[in-house]
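Written out below as structure tokens is the structure these notes cover.
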Amino acid sequence: MNFPDNLKYTKDHEWVKVDGDTATIGITDFAQGELGDIVYVDVTTKGETLDKEAVFGTVEAVKTVSDLFMPVSGTITELNKALDQKPELVNTDVYGEGWMIKVKMSNPGEVSGLLSAADYKALIGVS
């Protein structure tokens, strides 16, 4: 499994890439592996301002549906429209073309409370 050091992670298995006051968010390699083949990503919260840990959408796999949680507070400015036609990008390019949303953070300081790659690995029990 791959967990890039330049990203932050949550206990709910989302990753966050910070660029200024914008956060790009997706699910981790571990999460997509646990879910299996992703068949649908449902995010309809564009333009909404959500608090940290609020549900921003769902991801549907062959076996289950899982909620997606906001790792930081902010306004969702962009959805990855490619996932409408190719939800499998979450499986094949989880940290690249498989991103889910972009958020203008309302409190960038919340990023400091997220997990490092090493901390996330310890959480899920991999080295």
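Chain lettering (A, B, ...) mirrors the order of the structure tokens, residue numbering begins at 1 for each chain separately, and ligand numbering begins at 1 in order of display.
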Got a sec to tell me which of stretch 40-112 of chain A DSSP assigns to helix (DSSP H, G or I), as a list in words?
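Answer for stretch 40-112 of chain A, restricted to helix (DSSP H, G or I): Ala82, Leu83, Asp84, Gln85, Leu89, Val90, Asn91, Thr92, Pro108, Gly109, Glu110, Val111 and Ser112 of chain A.
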Closest to A:Asp19 among A:Gln32, A:Thr75, A:Thr64, A:Asn6, using only C-alpha atoms?
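Smallest separation from A:Asp19 among the options: A:Asn6.
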Can you tell me which residues surround A:Ile27 at a distance of at most 12 Å, considering only C-alpha atoms, apart from same-chain residues fewer than 2 positions away, and format the answer as a VMD selection string?
chain A and resid 3 7 to 17 24 to 25 29 to 35 38 41 57 to 59 66 to 71 89 to 91 93 to 101
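We find atom CA of A:Tyr120 and atom CA of A:Gly36 to be spaced 19.8 Å apart.
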Quick check for you: according to DSSP on this backbone, which residues of chain A are classed as strand (DSSP E)? Reply as a VMD selection string.
chain A and resid 8 to 9 14 to 19 22 to 27 38 to 42 49 to 50 55 to 61 65 to 69 74 to 79 101 to 105
Can those selected residues be exported to a file as a short mmCIF file (atom, residue, chain, number, x, y, z; two decimals), in the first residue's frame so that it contains N, CA and C atoms?
```
data_model
loop_
_atom_site.label_atom_id
_atom_site.label_comp_id
_atom_site.auth_asym_id
_atom_site.auth_seq_id
_atom_site.Cartn_x
_atom_site.Cartn_y
_atom_site.Cartn_z
N LYS A 8 -1.90 14.47 4.14
CA LYS A 8 -2.39 14.26 5.50
C LYS A 8 -3.52 13.25 5.43
N TYR A 9 -3.84 12.61 6.55
CA TYR A 9 -4.81 11.51 6.57
C TYR A 9 -5.75 11.65 7.75
N GLU A 14 -9.68 9.23 4.82
CA GLU A 14 -9.58 10.20 3.73
C GLU A 14 -8.15 10.74 3.71
N TRP A 15 -7.71 11.17 2.52
CA TRP A 15 -6.43 11.86 2.40
C TRP A 15 -6.70 13.31 2.02
N VAL A 16 -5.75 14.17 2.36
CA VAL A 16 -5.86 15.61 2.11
C VAL A 16 -4.55 16.12 1.54
N LYS A 17 -4.65 16.81 0.41
CA LYS A 17 -3.49 17.49 -0.17
C LYS A 17 -3.77 18.98 -0.08
N VAL A 18 -2.91 19.71 0.62
CA VAL A 18 -3.11 21.13 0.87
C VAL A 18 -2.28 21.96 -0.11
N ASP A 19 -2.95 22.95 -0.72
CA ASP A 19 -2.29 23.91 -1.61
C ASP A 19 -2.85 25.29 -1.25
N THR A 22 -6.64 25.75 -0.23
CA THR A 22 -7.43 24.73 -0.91
C THR A 22 -6.96 23.34 -0.52
N ALA A 23 -7.92 22.47 -0.22
CA ALA A 23 -7.61 21.08 0.10
C ALA A 23 -8.26 20.19 -0.94
N THR A 24 -7.46 19.29 -1.52
CA THR A 24 -7.98 18.26 -2.40
C THR A 24 -8.14 17.01 -1.55
N ILE A 25 -9.30 16.34 -1.68
CA ILE A 25 -9.65 15.25 -0.76
C ILE A 25 -10.08 14.01 -1.54
N GLY A 26 -9.65 12.86 -1.04
CA GLY A 26 -10.06 11.57 -1.60
C GLY A 26 -10.01 10.53 -0.50
N ILE A 27 -10.17 9.26 -0.88
CA ILE A 27 -10.04 8.18 0.11
C ILE A 27 -8.68 7.52 -0.07
N ILE A 38 -14.91 0.03 -6.81
CA ILE A 38 -15.79 1.19 -6.67
C ILE A 38 -16.67 1.28 -7.92
N VAL A 39 -17.99 1.37 -7.71
CA VAL A 39 -18.92 1.43 -8.84
C VAL A 39 -19.64 2.77 -8.95
N TYR A 40 -19.61 3.58 -7.87
CA TYR A 40 -20.32 4.85 -7.92
C TYR A 40 -19.80 5.76 -6.82
N VAL A 41 -19.59 7.03 -7.15
CA VAL A 41 -19.22 8.04 -6.17
C VAL A 41 -20.32 9.10 -6.20
N ASP A 42 -20.98 9.33 -5.07
CA ASP A 42 -22.11 10.26 -5.00
C ASP A 42 -21.74 11.44 -4.12
N THR A 49 -21.03 24.74 2.38
CA THR A 49 -20.03 24.89 3.42
C THR A 49 -20.34 23.87 4.51
N LEU A 50 -19.38 23.00 4.76
CA LEU A 50 -19.58 21.91 5.72
C LEU A 50 -18.53 21.97 6.81
N VAL A 55 -20.64 14.65 6.72
CA VAL A 55 -20.67 13.78 5.55
C VAL A 55 -20.79 14.64 4.29
N PHE A 56 -19.86 14.44 3.34
CA PHE A 56 -19.93 15.20 2.09
C PHE A 56 -20.39 14.36 0.90
N GLY A 57 -20.56 13.07 1.10
CA GLY A 57 -21.02 12.20 0.02
C GLY A 57 -20.88 10.74 0.42
N THR A 58 -21.04 9.87 -0.58
CA THR A 58 -20.88 8.44 -0.34
C THR A 58 -20.10 7.82 -1.49
N VAL A 59 -19.50 6.69 -1.20
CA VAL A 59 -18.82 5.90 -2.21
C VAL A 59 -19.44 4.50 -2.16
N GLU A 60 -19.81 4.00 -3.34
CA GLU A 60 -20.46 2.70 -3.42
C GLU A 60 -19.54 1.70 -4.09
N ALA A 61 -19.34 0.59 -3.42
CA ALA A 61 -18.56 -0.52 -3.97
C ALA A 61 -19.52 -1.68 -4.23
N VAL A 65 -21.79 0.45 0.82
CA VAL A 65 -21.80 1.90 0.62
C VAL A 65 -21.20 2.52 1.87
N SER A 66 -20.27 3.48 1.69
CA SER A 66 -19.63 4.13 2.83
C SER A 66 -19.77 5.64 2.72
N ASP A 67 -19.97 6.28 3.87
CA ASP A 67 -20.01 7.74 3.92
C ASP A 67 -18.60 8.30 3.75
N LEU A 68 -18.54 9.50 3.20
CA LEU A 68 -17.29 10.25 3.06
C LEU A 68 -17.36 11.44 4.01
N PHE A 69 -16.32 11.64 4.81
CA PHE A 69 -16.32 12.66 5.85
C PHE A 69 -15.34 13.78 5.53
N GLY A 74 -14.98 23.74 5.45
CA GLY A 74 -14.82 24.61 4.30
C GLY A 74 -15.94 24.47 3.29
N THR A 75 -15.78 25.19 2.18
CA THR A 75 -16.77 25.20 1.11
C THR A 75 -16.26 24.33 -0.04
N ILE A 76 -17.10 23.41 -0.48
CA ILE A 76 -16.72 22.53 -1.59
C ILE A 76 -16.81 23.33 -2.88
N THR A 77 -15.66 23.50 -3.53
CA THR A 77 -15.58 24.33 -4.73
C THR A 77 -15.56 23.53 -6.03
N GLU A 78 -15.21 22.26 -5.93
CA GLU A 78 -15.09 21.46 -7.15
C GLU A 78 -15.32 19.99 -6.84
N LEU A 79 -16.00 19.33 -7.78
CA LEU A 79 -16.20 17.89 -7.72
C LEU A 79 -15.41 17.27 -8.86
N ILE A 101 -13.06 15.70 -4.12
CA ILE A 101 -13.51 17.10 -4.02
C ILE A 101 -12.33 18.03 -3.76
N LYS A 102 -12.59 19.31 -4.05
CA LYS A 102 -11.68 20.38 -3.64
C LYS A 102 -12.47 21.31 -2.74
N VAL A 103 -11.81 21.76 -1.68
CA VAL A 103 -12.45 22.54 -0.63
C VAL A 103 -11.64 23.81 -0.37
N LYS A 104 -12.34 24.95 -0.30
CA LYS A 104 -11.70 26.17 0.20
C LYS A 104 -11.86 26.12 1.71
N MET A 105 -10.74 25.91 2.39
CA MET A 105 -10.78 25.71 3.84
C MET A 105 -11.17 26.99 4.57
#
```
A:Thr28, A:Val72, A:Gly47, A:Val62: which is nearest A:Gly109, counting only C-alpha atoms?
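That would be A:Val72, the residue with the smallest distance to A:Gly109.
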What does the distance from atom CA of A:Val43 to atom CA of A:Lys121 come to in Å, to one decimal?
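Atom CA of A:Lys121 lies 26.9 Å from atom CA of A:Val43.
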